[in-house]
$ cat work-v5.cif   # mmCIF, C-alpha atoms
data_protein
#
loop_
_atom_site.label_atom_id
_atom_site.label_comp_id
_atom_site.auth_asym_id
_atom_site.auth_seq_id
_atom_site.Cartn_x
_atom_site.Cartn_y
_atom_site.Cartn_z
CA MET A 128 -27.79 -50.27 -69.68
CA TYR A 129 -25.71 -47.82 -71.70
CA GLY A 130 -25.21 -44.43 -70.14
CA SER A 131 -27.19 -45.41 -67.08
CA LYS A 132 -24.28 -44.74 -64.72
CA GLY A 133 -23.87 -41.13 -65.76
CA TYR A 134 -27.65 -40.56 -65.70
CA GLU A 135 -27.97 -41.93 -62.16
CA LEU A 136 -25.22 -39.62 -60.96
CA LEU A 137 -26.79 -36.59 -62.55
CA LYS A 138 -30.48 -36.70 -61.78
CA PRO A 139 -31.28 -37.93 -58.28
CA LYS A 140 -28.18 -36.47 -56.53
CA ARG A 141 -28.53 -32.93 -57.76
CA ASN A 142 -31.14 -31.65 -55.29
CA TYR A 143 -30.11 -34.14 -52.65
CA THR A 144 -26.57 -32.76 -52.39
CA LYS A 145 -27.88 -29.19 -52.42
CA HIS A 146 -30.16 -29.92 -49.50
CA LYS A 147 -27.33 -31.66 -47.70
CA HIS A 148 -25.17 -28.62 -48.25
CA ILE A 149 -27.84 -26.26 -46.88
CA ALA A 150 -28.47 -28.58 -43.92
CA ALA A 151 -24.77 -28.72 -43.14
CA VAL A 152 -24.37 -24.94 -43.23
CA VAL A 153 -27.53 -24.36 -41.16
CA THR A 154 -26.39 -26.97 -38.63
CA ALA A 155 -23.00 -25.31 -38.38
CA VAL A 156 -24.61 -21.92 -37.84
CA VAL A 157 -27.03 -23.27 -35.21
CA LEU A 158 -24.22 -25.05 -33.38
CA ALA A 159 -22.10 -21.89 -33.47
CA ALA A 160 -25.06 -19.97 -32.02
CA LEU A 161 -25.55 -22.57 -29.29
CA PHE A 162 -21.89 -22.63 -28.35
CA GLN A 163 -21.79 -18.85 -28.33
CA THR A 164 -24.97 -18.23 -26.35
CA ALA A 165 -25.15 -21.19 -23.93
CA ASP A 166 -23.45 -20.22 -20.72
CA GLY A 167 -20.63 -22.59 -19.89
CA LEU A 168 -20.24 -24.52 -23.14
CA LEU A 169 -17.19 -22.48 -24.04
CA PRO A 170 -14.83 -21.23 -21.36
CA ARG A 171 -14.08 -17.53 -21.03
CA PHE A 172 -10.72 -16.23 -22.22
CA PHE A 173 -9.37 -13.63 -19.79
CA GLY A 174 -12.93 -12.32 -19.42
CA GLY A 175 -13.54 -12.30 -23.17
CA ALA A 176 -16.28 -14.27 -24.95
CA ALA A 177 -16.07 -16.18 -28.23
CA LEU A 178 -18.37 -14.39 -30.69
CA LEU A 179 -18.48 -17.45 -32.94
CA LEU A 180 -21.23 -16.22 -35.24
CA ILE A 181 -19.04 -13.47 -36.68
CA PRO A 182 -16.25 -15.72 -38.03
CA ALA A 183 -18.93 -18.27 -38.95
CA VAL A 184 -20.80 -15.78 -41.15
CA VAL A 185 -17.58 -14.40 -42.63
CA CYS A 186 -16.28 -17.85 -43.53
CA LEU A 187 -19.54 -19.23 -44.90
CA ALA A 188 -20.10 -16.06 -46.96
CA MET A 189 -16.72 -16.63 -48.60
CA PHE A 190 -18.09 -19.83 -50.15
CA GLU A 191 -21.68 -18.74 -50.79
CA SER A 192 -23.47 -16.54 -53.30
CA GLU A 193 -24.46 -13.04 -52.21
CA PHE A 194 -28.11 -14.09 -51.82
CA SER A 195 -27.26 -17.13 -49.72
CA ALA A 196 -24.84 -15.09 -47.59
CA ILE A 197 -27.61 -12.59 -46.77
CA PHE A 198 -29.98 -15.31 -45.62
CA TYR A 199 -27.42 -17.31 -43.68
CA GLY A 200 -26.41 -14.01 -42.04
CA LEU A 201 -30.07 -13.37 -41.29
CA LEU A 202 -30.42 -16.80 -39.67
CA ALA A 203 -27.27 -16.32 -37.59
CA GLY A 204 -28.33 -12.83 -36.54
CA LEU A 205 -31.84 -13.91 -35.54
CA LEU A 206 -30.43 -16.76 -33.46
CA TRP A 207 -28.09 -14.32 -31.75
CA ASP A 208 -30.87 -11.77 -31.18
CA THR A 209 -33.24 -14.42 -29.83
CA ALA A 210 -30.68 -15.51 -27.29
CA MET A 211 -29.56 -12.04 -26.30
CA LEU A 212 -32.90 -10.15 -26.49
CA HIS A 213 -31.57 -7.58 -28.94
CA ASN A 214 -34.20 -6.42 -31.39
CA ASN A 215 -32.81 -7.50 -34.77
CA TRP A 216 -29.60 -5.53 -34.38
CA HIS A 217 -27.40 -8.59 -34.85
CA ALA A 218 -29.57 -9.83 -37.68
CA ILE A 219 -29.04 -6.56 -39.58
CA PHE A 220 -25.33 -6.60 -38.79
CA LEU A 221 -24.77 -10.17 -39.95
CA CYS A 222 -26.92 -9.73 -43.09
CA VAL A 223 -24.80 -6.77 -44.12
CA LEU A 224 -21.62 -8.62 -43.16
CA GLY A 225 -22.61 -11.71 -45.18
CA LEU A 226 -23.35 -9.69 -48.32
CA ALA A 227 -20.22 -7.54 -47.94
CA VAL A 228 -17.91 -10.55 -47.51
CA SER A 229 -19.47 -12.49 -50.36
CA ALA A 230 -19.31 -9.46 -52.68
CA LEU A 231 -15.68 -8.74 -51.75
CA ILE A 232 -14.60 -12.34 -52.35
CA ARG A 233 -16.37 -12.43 -55.69
CA ARG A 234 -15.06 -9.08 -56.88
CA LYS A 235 -11.88 -8.01 -55.06
CA MET A 236 -10.28 -10.64 -52.81
CA ARG A 237 -8.91 -14.14 -53.07
CA ASN A 238 -10.64 -16.89 -51.13
CA ILE A 239 -7.82 -17.84 -48.77
CA LEU A 240 -7.46 -18.17 -45.00
CA ALA A 241 -5.59 -14.88 -44.74
CA ALA A 242 -8.55 -13.10 -46.32
CA ALA A 243 -10.85 -14.80 -43.79
CA LEU A 244 -8.67 -13.58 -40.94
CA VAL A 245 -8.55 -10.03 -42.28
CA LEU A 246 -12.30 -9.87 -42.89
CA THR A 247 -13.09 -11.39 -39.49
CA SER A 248 -10.73 -8.91 -37.83
CA PHE A 249 -12.48 -5.96 -39.46
CA ALA A 250 -15.92 -7.34 -38.61
CA LEU A 251 -14.89 -7.95 -35.00
CA ILE A 252 -13.31 -4.52 -34.62
CA GLY A 253 -16.47 -2.90 -35.99
CA TYR A 254 -18.77 -4.96 -33.79
CA LEU A 255 -16.69 -4.60 -30.62
CA ILE A 256 -16.24 -0.83 -31.04
CA VAL A 257 -20.01 -0.36 -31.39
CA HIS A 258 -20.56 -2.72 -28.45
CA TRP A 259 -18.05 -0.76 -26.37
CA LEU A 260 -19.56 2.60 -27.34
CA PHE A 261 -23.04 1.45 -26.36
CA SER A 262 -21.94 -0.22 -23.11
CA ALA A 263 -19.22 0.59 -20.59
CA ARG A 264 -17.00 3.00 -22.55
CA ASN A 265 -14.11 2.67 -20.12
CA LEU A 266 -10.61 1.22 -20.18
CA THR A 267 -11.55 -1.73 -17.99
CA ALA A 268 -14.13 -2.90 -20.52
CA LEU A 269 -11.53 -2.60 -23.27
CA THR A 270 -8.94 -4.68 -21.45
CA ASN A 271 -11.32 -7.13 -19.75
CA PHE A 272 -13.74 -7.80 -22.60
CA VAL A 273 -13.00 -6.16 -25.95
CA PHE A 274 -9.36 -7.21 -26.47
CA PRO A 275 -9.72 -10.76 -25.08
CA SER A 276 -12.92 -11.28 -27.10
CA PHE A 277 -11.18 -10.11 -30.27
CA VAL A 278 -8.25 -12.49 -29.81
CA TYR A 279 -10.40 -15.39 -28.61
CA THR A 280 -12.87 -15.10 -31.50
CA LEU A 281 -10.16 -14.70 -34.11
CA LEU A 282 -8.70 -18.04 -33.01
CA PHE A 283 -11.85 -19.79 -34.28
CA THR A 284 -11.60 -18.32 -37.80
CA PRO A 285 -9.33 -21.07 -39.19
CA VAL A 286 -11.72 -23.68 -37.77
CA PHE A 287 -14.74 -22.17 -39.50
CA TYR A 288 -12.80 -21.57 -42.72
CA TRP A 289 -11.77 -25.21 -42.80
CA LEU A 290 -15.31 -26.35 -41.91
CA PHE A 291 -17.10 -24.35 -44.62
CA ARG A 292 -14.46 -25.19 -47.20
CA GLU A 293 -14.98 -28.88 -46.41
CA ILE A 294 -18.74 -28.48 -46.68
CA GLU A 295 -18.26 -26.73 -50.01
CA ASN A 296 -15.86 -29.37 -51.29
CA LYS A 297 -17.96 -32.28 -50.08
CA TRP A 298 -21.35 -31.34 -51.49
CA ARG A 299 -21.22 -28.31 -53.74
CA SER A 300 -18.34 -29.62 -55.89
CA ARG A 301 -19.98 -33.07 -56.23
CA THR A 302 -23.13 -31.34 -57.51
CA ALA A 303 -21.00 -29.41 -59.96
CA ILE A 304 -19.36 -32.62 -61.21
CA SER A 305 -22.69 -34.33 -61.57
CA ILE A 306 -24.05 -31.38 -63.58
CA GLN A 307 -21.10 -31.59 -65.92
CA MET B 180 -19.98 0.21 -57.08
CA LYS B 181 -23.06 1.51 -58.92
CA ALA B 182 -23.56 -1.90 -60.41
CA PHE B 183 -23.38 -3.46 -56.97
CA LEU B 184 -25.86 -0.97 -55.55
CA LYS B 185 -28.26 -1.81 -58.39
CA SER B 186 -27.74 -5.56 -58.02
CA ALA B 187 -30.52 -7.87 -56.93
CA ALA B 188 -28.47 -8.96 -53.92
CA PHE B 189 -28.16 -5.43 -52.62
CA LYS B 190 -31.87 -4.81 -53.18
CA THR B 191 -32.63 -8.02 -51.31
CA LEU B 192 -30.45 -6.84 -48.45
CA ALA B 193 -32.24 -3.50 -48.38
CA VAL B 194 -35.61 -5.27 -48.19
CA VAL B 195 -34.43 -7.66 -45.46
CA VAL B 196 -32.91 -4.84 -43.42
CA GLY B 197 -36.07 -2.76 -43.92
CA LEU B 198 -38.23 -5.65 -42.71
CA LEU B 199 -35.97 -6.21 -39.70
CA ALA B 200 -36.09 -2.51 -38.84
CA LEU B 201 -39.88 -2.58 -39.18
CA GLY B 202 -39.95 -5.63 -36.91
CA SER B 203 -37.94 -3.76 -34.31
CA LEU B 204 -40.32 -0.84 -34.55
CA LEU B 205 -43.32 -3.16 -34.12
CA ALA B 206 -41.64 -4.81 -31.14
CA SER B 207 -41.63 -1.53 -29.26
CA PHE B 208 -45.45 -1.56 -29.40
CA MET B 209 -45.83 -5.21 -28.42
CA PRO B 210 -46.30 -6.31 -24.81
CA THR B 211 -43.60 -8.95 -25.17
CA ALA B 212 -41.11 -6.44 -26.63
CA ALA B 213 -39.94 -9.17 -29.02
CA THR B 214 -39.93 -8.84 -32.78
CA PRO B 215 -42.07 -11.27 -34.79
CA ALA B 216 -38.90 -12.83 -36.22
CA ASN B 217 -37.46 -13.30 -32.74
CA THR B 218 -40.71 -14.88 -31.58
CA ILE B 219 -40.68 -17.41 -34.40
CA VAL B 220 -36.98 -18.22 -34.19
CA GLY B 221 -37.18 -18.32 -30.40
CA ALA B 222 -39.92 -20.96 -30.53
CA ILE B 223 -37.65 -23.21 -32.57
CA PHE B 224 -34.36 -22.27 -30.96
CA SER B 225 -35.43 -22.32 -27.29
CA PRO B 226 -35.54 -26.14 -26.92
CA LEU B 227 -32.07 -26.31 -28.44
CA GLN B 228 -30.89 -23.62 -26.03
CA THR B 229 -32.35 -25.56 -23.11
CA ALA B 230 -30.58 -28.71 -24.29
CA ALA B 231 -27.34 -26.75 -24.67
CA SER B 232 -27.77 -25.30 -21.21
CA ILE B 233 -28.26 -28.79 -19.72
CA ALA B 234 -25.22 -29.99 -21.67
CA ALA B 235 -23.23 -27.04 -20.31
CA GLU B 236 -24.26 -27.93 -16.75
CA ARG B 237 -23.30 -31.57 -17.28
CA LEU B 238 -20.02 -30.46 -18.80
CA GLU B 239 -19.33 -28.29 -15.79
CA VAL B 240 -20.02 -31.18 -13.41
CA PHE B 241 -17.86 -33.44 -15.57
CA THR B 242 -14.97 -30.99 -15.70
CA LEU B 243 -15.29 -30.44 -11.94
CA SER B 244 -14.76 -34.12 -11.26
CA PHE B 245 -12.21 -34.38 -14.04
CA ARG B 246 -10.06 -31.58 -12.74
CA SER B 247 -10.42 -32.63 -9.11
CA ALA B 248 -6.87 -33.91 -8.79
CA SER B 249 -5.11 -30.67 -9.67
CA HIS B 250 -7.90 -28.24 -8.81
CA TYR B 251 -8.61 -29.62 -5.36
CA ALA B 252 -4.92 -30.17 -4.61
CA ALA B 253 -4.42 -26.45 -5.24
CA ARG B 254 -7.49 -25.66 -3.15
CA VAL B 255 -6.25 -27.85 -0.28
CA ALA B 256 -2.84 -26.16 -0.42
CA GLU B 257 -4.55 -22.76 -0.33
CA LEU B 258 -6.68 -23.75 2.66
CA GLU B 259 -3.70 -25.24 4.47
CA ALA B 260 -1.84 -21.96 4.00
CA THR B 261 -4.85 -20.13 5.42
CA ILE B 262 -5.00 -22.50 8.41
CA ALA B 263 -1.26 -22.02 9.04
CA GLU B 264 -1.73 -18.26 8.93
CA LEU B 265 -4.69 -18.45 11.31
CA LYS B 266 -2.71 -20.68 13.68
CA GLU B 267 0.07 -18.11 13.72
CA GLN B 268 -2.49 -15.43 14.47
CA LEU B 269 -3.92 -17.61 17.25
CA VAL B 270 -0.46 -18.08 18.78
CA ASP B 271 0.10 -14.32 18.59
CA TYR B 272 -3.30 -13.79 20.15
CA ASP B 273 -2.47 -16.20 22.99
CA LYS B 274 0.87 -14.45 23.58
CA ILE B 275 -0.78 -11.04 23.63
CA LYS B 276 -3.55 -12.31 25.90
CA GLU B 277 -1.08 -13.82 28.35
CA ARG B 278 1.09 -10.70 28.32
CA ASN B 279 -1.99 -8.57 28.83
CA GLU B 280 -3.00 -10.64 31.87
CA LEU B 281 0.54 -10.32 33.23
CA TYR B 282 0.50 -6.57 32.75
CA ALA B 283 -2.95 -6.32 34.35
CA GLN B 284 -1.80 -8.26 37.42
CA PHE B 285 1.41 -6.34 37.65
CA TYR B 286 -0.42 -3.04 37.25
CA GLU B 287 -2.39 -4.00 40.37
CA LEU B 288 0.82 -4.88 42.22
CA LYS B 289 2.44 -1.63 41.15
CA ASN B 290 -0.60 0.34 42.31
CA GLU B 291 -0.36 -1.32 45.70
CA ASN B 292 3.41 -0.73 45.88
CA GLU B 293 4.18 2.56 44.19
CA ASN B 294 7.85 2.46 45.15
CA PHE B 295 8.51 -0.68 43.03
CA GLU B 296 10.89 -0.25 40.13
CA THR B 297 10.65 -3.00 37.56
CA ALA B 298 12.04 -4.41 34.34
CA PHE B 299 10.13 -6.58 31.92
CA ALA B 300 11.89 -9.75 30.78
CA SER B 301 11.20 -12.96 28.88
CA VAL B 302 12.38 -16.44 29.72
CA VAL B 303 14.74 -17.60 26.98
CA GLN B 304 16.13 -20.80 28.48
CA ARG B 305 15.19 -23.24 31.27
CA SER B 306 17.02 -26.00 33.10
CA PRO B 307 15.35 -29.38 32.73
CA ASP B 308 14.43 -29.53 36.44
CA MET B 309 13.04 -25.95 36.33
CA SER B 310 15.39 -24.95 39.15
CA THR B 311 16.85 -22.10 37.06
CA PHE B 312 15.97 -20.15 33.96
CA THR B 313 17.59 -17.42 31.93
CA LEU B 314 16.06 -14.03 31.20
CA ASN B 315 16.77 -11.89 28.14
CA ARG B 316 17.50 -8.77 30.20
CA GLY B 317 20.58 -7.90 32.25
CA THR B 318 22.45 -5.06 33.90
CA LEU B 319 21.69 -2.80 30.92
CA ASN B 320 18.08 -2.91 32.11
CA GLY B 321 18.98 -2.29 35.73
CA ILE B 322 18.80 -5.92 36.86
CA GLU B 323 21.13 -6.96 39.68
CA VAL B 324 21.87 -10.14 41.61
CA GLY B 325 19.27 -10.64 44.31
CA ASN B 326 16.41 -8.92 42.47
CA THR B 327 13.03 -10.54 42.90
CA VAL B 328 11.35 -12.09 39.88
CA VAL B 329 7.56 -12.10 39.84
CA PHE B 330 4.71 -13.19 37.63
CA GLY B 331 1.83 -10.92 38.51
CA HIS B 332 1.45 -11.11 42.28
CA ASN B 333 3.31 -14.39 42.44
CA LEU B 334 6.93 -14.93 43.38
CA VAL B 335 8.90 -16.86 40.76
CA GLY B 336 12.48 -16.67 42.07
CA ILE B 337 15.52 -14.52 42.61
CA VAL B 338 18.25 -13.35 40.23
CA ALA B 339 21.34 -15.51 40.92
CA SER B 340 23.71 -14.11 38.32
CA VAL B 341 23.55 -11.36 35.75
CA SER B 342 25.41 -10.21 32.66
CA LEU B 343 24.93 -7.19 30.40
CA ASN B 344 21.88 -8.57 28.64
CA SER B 345 20.91 -11.75 30.44
CA ALA B 346 20.19 -12.95 33.95
CA THR B 347 19.97 -16.36 35.57
CA VAL B 348 17.18 -16.89 38.05
CA ASN B 349 16.97 -19.42 40.86
CA THR B 350 13.33 -20.40 40.88
CA LEU B 351 11.18 -21.68 43.70
CA MET B 352 11.95 -25.15 42.35
CA ASN B 353 15.61 -24.74 43.32
CA PRO B 354 16.41 -26.60 46.60
CA ASN B 355 19.04 -23.96 47.41
CA LEU B 356 16.47 -21.18 47.50
CA ASN B 357 14.96 -20.43 50.89
CA VAL B 358 12.34 -17.72 51.11
CA GLY B 359 11.14 -16.10 54.34
CA ALA B 360 7.37 -16.42 54.41
CA TYR B 361 4.24 -16.15 56.48
CA ALA B 362 0.79 -17.67 56.33
CA ILE B 363 -2.02 -15.19 55.73
CA ASN B 364 -4.54 -17.01 57.95
CA SER B 365 -2.22 -17.52 60.94
CA SER B 366 0.51 -14.90 60.44
CA GLU B 367 3.05 -17.46 61.62
CA GLU B 368 6.56 -16.92 60.32
CA LEU B 369 7.90 -19.70 58.07
CA PHE B 370 10.29 -20.29 55.29
CA THR B 371 9.86 -22.18 52.05
CA THR B 372 12.23 -24.46 50.20
CA THR B 373 11.95 -27.64 48.19
CA ASP B 374 13.66 -30.97 47.64
CA PRO B 375 14.30 -32.84 44.40
CA GLU B 376 11.29 -35.17 44.83
CA LEU B 377 8.83 -32.34 45.40
CA ALA B 378 10.49 -30.12 42.76
CA ALA B 379 10.02 -32.91 40.24
CA GLN B 380 6.28 -32.59 40.92
CA GLY B 381 6.39 -28.79 40.70
CA LEU B 382 5.86 -28.39 44.45
CA ILE B 383 7.68 -26.71 47.34
CA LYS B 384 7.37 -27.04 51.12
CA THR B 385 7.57 -25.29 54.48
CA PRO B 386 9.52 -27.64 56.77
CA ASN B 387 9.74 -27.85 60.52
CA LEU B 388 6.19 -26.88 61.38
CA THR B 389 5.60 -26.62 65.11
CA LEU B 390 2.97 -28.74 66.79
CA ASN B 391 0.72 -25.75 67.30
CA SER B 392 0.96 -24.65 63.67
CA MET B 393 -2.33 -23.31 62.27
CA LEU B 394 -1.45 -24.18 58.69
CA ALA B 395 -4.08 -26.16 56.85
CA ASN B 396 -4.99 -27.08 53.29
CA GLY B 397 -5.72 -23.88 51.37
CA SER B 398 -3.58 -21.61 53.50
CA VAL B 399 -1.95 -18.94 51.37
CA ILE B 400 1.77 -18.42 51.91
CA CYS B 401 3.34 -15.04 51.15
CA THR B 402 6.81 -13.53 51.34
CA SER B 403 7.49 -12.04 54.76
CA GLY B 404 10.23 -9.65 53.66
CA VAL B 405 12.11 -10.12 56.92
CA THR B 406 15.40 -10.87 55.16
CA GLY B 407 15.16 -7.74 53.05
CA LEU B 408 15.69 -9.78 49.88
CA TYR B 409 12.04 -9.84 48.84
CA PRO B 410 9.22 -7.34 49.17
CA ARG B 411 6.59 -8.37 51.71
CA GLY B 412 3.26 -9.75 50.49
CA LEU B 413 4.17 -11.54 47.25
CA ILE B 414 2.26 -14.81 46.91
CA ILE B 415 4.43 -17.91 47.10
CA GLY B 416 1.68 -20.49 46.89
CA THR B 417 -1.13 -22.40 48.56
CA VAL B 418 -0.85 -25.29 51.01
CA THR B 419 -2.14 -28.51 49.45
CA GLU B 420 -1.40 -30.96 52.27
CA ILE B 421 0.35 -31.36 55.68
CA LEU B 422 2.63 -34.37 56.00
CA ASP B 423 4.87 -35.94 58.66
CA ASP B 424 8.54 -35.38 58.07
CA PRO B 425 10.16 -38.87 57.93
CA SER B 426 13.57 -37.48 59.03
CA ASN B 427 12.34 -36.07 62.37
CA ILE B 428 9.23 -35.68 64.45
CA SER B 429 7.98 -32.45 62.87
CA LYS B 430 5.54 -31.92 60.05
CA PHE B 431 5.84 -30.02 56.79
CA ALA B 432 3.33 -28.39 54.47
CA VAL B 433 3.36 -29.06 50.73
CA ILE B 434 2.75 -25.90 48.73
CA ALA B 435 1.66 -25.49 45.14
CA PRO B 436 3.40 -22.35 43.84
CA GLY B 437 1.15 -19.49 42.69
CA ALA B 438 3.05 -19.20 39.40
CA ASP B 439 3.38 -22.19 37.13
CA ILE B 440 7.18 -22.09 36.87
CA SER B 441 7.33 -24.57 33.99
CA HIS B 442 5.09 -22.41 31.80
CA VAL B 443 6.05 -18.87 32.75
CA ARG B 444 7.28 -17.01 29.65
CA ASP B 445 7.23 -13.32 30.58
CA VAL B 446 8.08 -11.96 34.02
CA PHE B 447 8.81 -8.72 35.83
CA VAL B 448 12.02 -8.20 37.76
CA ILE B 449 11.65 -5.91 40.77
CA THR B 450 14.88 -3.91 40.63
CA ALA B 451 14.08 -1.71 43.62
CA PHE B 452 11.43 -1.65 46.35
#

$ encode --input "work-v5.cif" --output "structure tokens"
Amino acid sequence: MYGSKGYELLKPKRNYTKHKHIAAVVTAVVLAALFQTADGLLPRFFGGAALLLIPAVVCLAMFESEFSAIFYGLLAGLLWDTAMLHNNWHAIFLCVLGLAVSALIRRKMRNILAAALVLTSFALIGYLIVHWLFSARNLTALTNFVFPSFVYTLLFTPVFYWLFREIENKWRSRTAISIQ
Amino acid sequence: MKAFLKSAAFKTLAVVVGLLALGSLLASFMPTAATPANTIVGAIFSPLQTAASIAAERLEVFTLSFRSASHYAARVAELEATIAELKEQLVDYDKIKERNELYAQFYELKNENENFETAFASVVQRSPDMSTFTLNRGTLNGIEVGNTVVFGHNLVGIVASVSLNSATVNTLMNPNLNVGAYAINSSEELFTTTDPELAAQGLIKTPNLTLNSMLANGSVICTSGVTGLYPRGLIIGTVTEILDDPSNISKFAVIAPGADISHVRDVFVITAF
């Protein structure tokens, strides 16, 4: 009987919580991809679209290791490319973004909401500028798509930050306690 | 930075990006133009996308019915505004059409009588019994007392009084107005007038017909011009019936005026002929 409580906490829950954590993050990414790509699930904002996968990858990378961030970015990018028929361009972009955000948080920045907003802003600016350069390249596209999309997408950053922080707190921290 | 570039994570990224780039290159040679990764992910993701698409459609239908109160109220208001605008346009169209017909008829009259001088005027006020109406033109437009008022070829009345910018007209429905006339089919000289009973029905009459009168239903009565007040040949109306006069032994003919006095809106005043 002695010590059985601590042993039960440690052994069976360790992998279980890890899998739950991965499942939760993957589900969040898939749902973000569905909401972003399915026509009509999210309303348009002054002509702009919500590019949910960008804040999603930024926020999840803030709580993940560099390796995990690359692969979650890869998943998000492939889902985006599959829906939009772009040959791996988004996958490459989100892989790089995931690694960059994770590395910055681990080395240079604090993991706070403001950092998430700044990083998402930079990622969105980069993405939207490239998108604009390879598409319309006129003022109308800037005012009718680029600016509204930037604002609209940025509004979702706090939601994703809260979501991935909750996922982290709920499963990753419990695993850490059980290991201790 | 060097440490980061030499890290396992960065090397992993380089491999992943290399593989993705290779996939893109391969895709350009494939008939489907899809990368292998896209093909695999698409197979798994497509059913979810379909489900999401159905959900989006349902959501749209739901929101349509949900927002019906405000959305359709706004739509109804918009359509009502459009209908009101179209009605206004229709009224304008009717006015223009009527005025055009008037001008066309008067153009004919003017061609037949080149010496006519005219002024265009609109009816702005009517007496309840239609015996008089007021025009929006007066002496400033050359209108004088005694001028003939016509609607196309049809006699309407005579100017009874005039001011600078308005004129009062005694119409054919006024019992005090007697007009020298003749019947086209018989050329017999007559005069027309009315009484309150007939005027109430919008009719006039030619009293005191002789026993050998040729008037019959359908006879057209025109101005004779013998008094010099009216030009000759304006249409007064058409005989609808011949009746016995109860006050004496003669007969009289009931005439339906050529112009519908109660609905005339625009007229011409013949200022000189």

$ residues_around --input "work-v5.cif" --residues "segment 160-172 of chain A" --least-positions-apart "4" --cutoff "6 Å" --atoms "only C-alpha atoms" --output "PyMOL selection string"
(chain A and resi 176+179) or (chain B and resi 232+235)

$ interface_residues --input "work-v5.cif" --of "chain A" --to "chain B" --cutoff "9 Å" --atoms "all atoms listed in the file" --output "PyMOL selection string"
chain A and resi 157+161-162+164-169+193-194+197-198+201-202+205-206+208-210+212-216+218-219+222-223+226+230

$ resolve_selection --input "work-v5.cif" --expression "the PyMOL selection byres ((chain B and resi 317-331) around 6)" --output "tab-separated table (two decimals) with C-alpha atoms, in the coordinates of the input"
chain	number	residue	atom	x	y	z
B	281	LEU	CA	0.54	-10.32	33.23
B	284	GLN	CA	-1.80	-8.26	37.42
B	285	PHE	CA	1.41	-6.34	37.65
B	316	ARG	CA	17.50	-8.77	30.20
B	332	HIS	CA	1.45	-11.11	42.28
B	333	ASN	CA	3.31	-14.39	42.44
B	334	LEU	CA	6.93	-14.93	43.38
B	335	VAL	CA	8.90	-16.86	40.76
B	336	GLY	CA	12.48	-16.67	42.07
B	337	ILE	CA	15.52	-14.52	42.61
B	338	VAL	CA	18.25	-13.35	40.23
B	339	ALA	CA	21.34	-15.51	40.92
B	340	SER	CA	23.71	-14.11	38.32
B	341	VAL	CA	23.55	-11.36	35.75
B	342	SER	CA	25.41	-10.21	32.66
B	343	LEU	CA	24.93	-7.19	30.40
B	344	ASN	CA	21.88	-8.57	28.64
B	345	SER	CA	20.91	-11.75	30.44
B	346	ALA	CA	20.19	-12.95	33.95
B	446	VAL	CA	8.08	-11.96	34.02
B	447	PHE	CA	8.81	-8.72	35.83
B	448	VAL	CA	12.02	-8.20	37.76
B	449	ILE	CA	11.65	-5.91	40.77
B	450	THR	CA	14.88	-3.91	40.63

$ atom_distance --input "work-v5.cif" --atom1 "atom CA of Leu390 of chain B" --atom2 "atom CA of Asp423 of chain B"
11.0 Å

$ residues_near_point --input "work-v5.cif" --point "(-10.5, -18.4, -27.6)" --cutoff "8 Å" --atoms "only C-alpha atoms" --output "list in words"
Arg171, Phe172, Ala176, Ala177, Ser276, Val278, Tyr279, Thr280, Leu281, Leu282 and Phe283 of chain A

$ write_last_selection --input "work-v5.cif" --atoms "C-alpha atoms" --output "CSV table (one decimal), in the coordinates of the input"
chain,number,residue,atom,x,y,z
A,171,ARG,CA,-14.1,-17.5,-21.0
A,172,PHE,CA,-10.7,-16.2,-22.2
A,176,ALA,CA,-16.3,-14.3,-25.0
A,177,ALA,CA,-16.1,-16.2,-28.2
A,276,SER,CA,-12.9,-11.3,-27.1
A,278,VAL,CA,-8.2,-12.5,-29.8
A,279,TYR,CA,-10.4,-15.4,-28.6
A,280,THR,CA,-12.9,-15.1,-31.5
A,281,LEU,CA,-10.2,-14.7,-34.1
A,282,LEU,CA,-8.7,-18.0,-33.0
A,283,PHE,CA,-11.8,-19.8,-34.3

$ resolve_selection --input "work-v5.cif" --expression "the PyMOL selection byres ((chain A and resi 259) around 12)" --output "number ranges by chain"
A: 251-258, 260-274, 276

$ residues_around --input "work-v5.cif" --residues "Tyr361 of chain B" --least-positions-apart "2" --cutoff "9 Å" --atoms "all atoms listed in the file" --output "list in words"
Gly359, Ile363, Asn364, Ser365, Ser366, Glu367, Glu368, Leu369, Phe370, Val399, Ile400, Cys401, Thr402, Ser403 and Gly412 of chain B
